[in-house]
Amino acid sequence: MTQATGGERAAMVRNYRRKKSIRVTFVLQFYTGLSAYGYTQHLSGDSATVQCSALATPGLVPPKPGDMAVLLLNLGEGTRVEGVRVSSRILQIEGNTIRLQLMTGSMVARHRELFMQLLGA
């Protein structure tokens, strides 16, 4: 296996951190027991923006910034779709849009590999 040069490493970091418009189905499981689902709007190696129509449910006690959640992304193609789990923290909620800080360090190696392929990093 060859090692990446300094320029290649810098490009990988840029791709990892660059926010990309990527539409992937997800389930967001809050530690309060609430689950929401929908599509991602933007993904980067350390953040995600998702839309959850469940937040508009009357009488629902919504999550708040700082709350922890698990983001389950459905990654792959055709019959090879895998649920990739990413621990996350809510950074911002605006209407039915949630911005999350992703803690990719907690991902298993196979899931991290799929996530990095999705980002092109």
# chains A, B, ... in the order shown; residues from 1 in each chain; ligands from 1
call {"tool": "residues_around", "arguments": {"residues": "Ile98 of chain A", "least_positions_apart": "4", "cutoff": "6 Å", "atoms": "only C-alpha atoms", "output": "PyMOL selection string"}}
result
chain A and resi 49-50+92-93
call {"tool": "write_last_selection", "arguments": {"atoms": "N, CA and C atoms", "output": "compact mmCIF listing (two decimals), in the first residue's frame"}}
result
# COMPACT_ATOMS: atom_id res chain seq x y z
N THR A 49 -27.00 18.04 7.54
CA THR A 49 -28.24 18.80 7.63
C THR A 49 -29.34 17.89 7.11
N VAL A 50 -30.38 17.68 7.93
CA VAL A 50 -31.45 16.76 7.59
C VAL A 50 -32.80 17.44 7.77
N GLN A 92 -28.30 22.70 15.75
CA GLN A 92 -29.28 23.74 15.47
C GLN A 92 -30.56 23.11 14.94
N ILE A 93 -31.69 23.68 15.34
CA ILE A 93 -32.99 23.27 14.80
C ILE A 93 -33.69 24.52 14.31
call {"tool": "closest_residue", "arguments": {"among": "A:Met116, A:Ala54, A:Leu28, A:Leu71", "to": "Ser87 of chain A", "atoms": "only C-alpha atoms"}}
result
A:Leu71
call {"tool": "atom_distance", "arguments": {"atom1": "atom CA of Arg110 of chain A", "atom2": "atom CA of Leu72 of chain A"}}
result
14.1 Å
call {"tool": "select_by_dssp", "arguments": {"residues": "segment 10-113 of chain A", "states": "alpha helix (DSSP H)", "output": "VMD selection string"}}
result
chain A and resid 10 to 17 109 to 113
call {"tool": "residues_around", "arguments": {"residues": "segment 56-67 of chain A", "least_positions_apart": "5", "cutoff": "9 Å", "atoms": "only C-alpha atoms", "output": "JSON, numbers by chain"}}
result
{"A": [30, 31, 32, 34, 88, 89, 90, 91, 92, 93, 95, 96]}
call {"tool": "select_by_dssp", "arguments": {"residues": "chain A", "states": "strand (DSSP E or B)", "output": "PyMOL selection string"}}
result
chain A and resi 20-21+25-30+35-43+47-52+68-75+82-94+97-103
call {"tool": "write_last_selection", "arguments": {"atoms": "C-alpha atoms", "output": "PDB file, in the first residue's frame"}}
result
ATOM      1  CA  LYS A  20     -22.011  18.401  -0.295  1.00  0.00           C
ATOM      2  CA  SER A  21     -25.646  18.239  -1.373  1.00  0.00           C
ATOM      3  CA  THR A  25     -32.576   8.300   3.450  1.00  0.00           C
ATOM      4  CA  PHE A  26     -32.045   8.279   7.202  1.00  0.00           C
ATOM      5  CA  VAL A  27     -33.570   7.491  10.575  1.00  0.00           C
ATOM      6  CA  LEU A  28     -32.630   9.790  13.451  1.00  0.00           C
ATOM      7  CA  GLN A  29     -33.011   8.170  16.864  1.00  0.00           C
ATOM      8  CA  PHE A  30     -32.992  10.650  19.735  1.00  0.00           C
ATOM      9  CA  SER A  35     -37.371   8.671  16.065  1.00  0.00           C
ATOM     10  CA  ALA A  36     -37.647  10.706  12.884  1.00  0.00           C
ATOM     11  CA  TYR A  37     -36.917   9.873   9.273  1.00  0.00           C
ATOM     12  CA  GLY A  38     -36.434  11.676   5.999  1.00  0.00           C
ATOM     13  CA  TYR A  39     -33.677  12.682   3.587  1.00  0.00           C
ATOM     14  CA  THR A  40     -30.356  14.386   4.146  1.00  0.00           C
ATOM     15  CA  GLN A  41     -29.829  17.779   2.528  1.00  0.00           C
ATOM     16  CA  HIS A  42     -26.084  18.209   3.057  1.00  0.00           C
ATOM     17  CA  LEU A  43     -23.319  15.954   4.350  1.00  0.00           C
ATOM     18  CA  SER A  47     -21.761  17.542   9.936  1.00  0.00           C
ATOM     19  CA  ALA A  48     -25.128  16.786   8.377  1.00  0.00           C
ATOM     20  CA  THR A  49     -28.236  18.797   7.633  1.00  0.00           C
ATOM     21  CA  VAL A  50     -31.454  16.755   7.586  1.00  0.00           C
ATOM     22  CA  GLN A  51     -35.161  17.450   7.205  1.00  0.00           C
ATOM     23  CA  CYS A  52     -37.579  15.762   9.614  1.00  0.00           C
ATOM     24  CA  MET A  68     -27.518  13.462  21.459  1.00  0.00           C
ATOM     25  CA  ALA A  69     -28.876  11.199  18.720  1.00  0.00           C
ATOM     26  CA  VAL A  70     -27.884   8.336  16.442  1.00  0.00           C
ATOM     27  CA  LEU A  71     -28.107   9.004  12.715  1.00  0.00           C
ATOM     28  CA  LEU A  72     -28.724   5.840  10.705  1.00  0.00           C
ATOM     29  CA  LEU A  73     -27.852   6.466   7.034  1.00  0.00           C
ATOM     30  CA  ASN A  74     -28.892   3.968   4.372  1.00  0.00           C
ATOM     31  CA  LEU A  75     -25.770   3.739   2.184  1.00  0.00           C
ATOM     32  CA  GLU A  82     -26.220  -0.967   4.645  1.00  0.00           C
ATOM     33  CA  GLY A  83     -27.444   1.004   7.634  1.00  0.00           C
ATOM     34  CA  VAL A  84     -24.497   3.137   8.737  1.00  0.00           C
ATOM     35  CA  ARG A  85     -24.747   4.375  12.337  1.00  0.00           C
ATOM     36  CA  VAL A  86     -23.188   7.699  13.323  1.00  0.00           C
ATOM     37  CA  SER A  87     -23.370   9.187  16.804  1.00  0.00           C
ATOM     38  CA  SER A  88     -24.340  12.840  16.604  1.00  0.00           C
ATOM     39  CA  ARG A  89     -25.160  15.976  18.580  1.00  0.00           C
ATOM     40  CA  ILE A  90     -27.831  18.470  17.592  1.00  0.00           C
ATOM     41  CA  LEU A  91     -26.263  21.826  16.749  1.00  0.00           C
ATOM     42  CA  GLN A  92     -29.278  23.743  15.466  1.00  0.00           C
ATOM     43  CA  ILE A  93     -32.987  23.269  14.800  1.00  0.00           C
ATOM     44  CA  GLU A  94     -34.863  25.582  12.483  1.00  0.00           C
ATOM     45  CA  THR A  97     -34.436  21.186   9.570  1.00  0.00           C
ATOM     46  CA  ILE A  98     -31.802  19.857  11.972  1.00  0.00           C
ATOM     47  CA  ARG A  99     -28.061  20.478  11.723  1.00  0.00           C
ATOM     48  CA  LEU A 100     -25.989  17.744  13.365  1.00  0.00           C
ATOM     49  CA  GLN A 101     -22.389  17.409  14.449  1.00  0.00           C
ATOM     50  CA  LEU A 102     -21.268  13.927  13.367  1.00  0.00           C
ATOM     51  CA  MET A 103     -18.934  11.905  15.557  1.00  0.00           C
TER      52      MET A 103
END
call {"tool": "closest_residue", "arguments": {"among": "A:Gly45, A:Gly33, A:Met107, A:Glu77", "to": "Leu119 of chain A", "atoms": "only C-alpha atoms"}}
result
A:Gly45
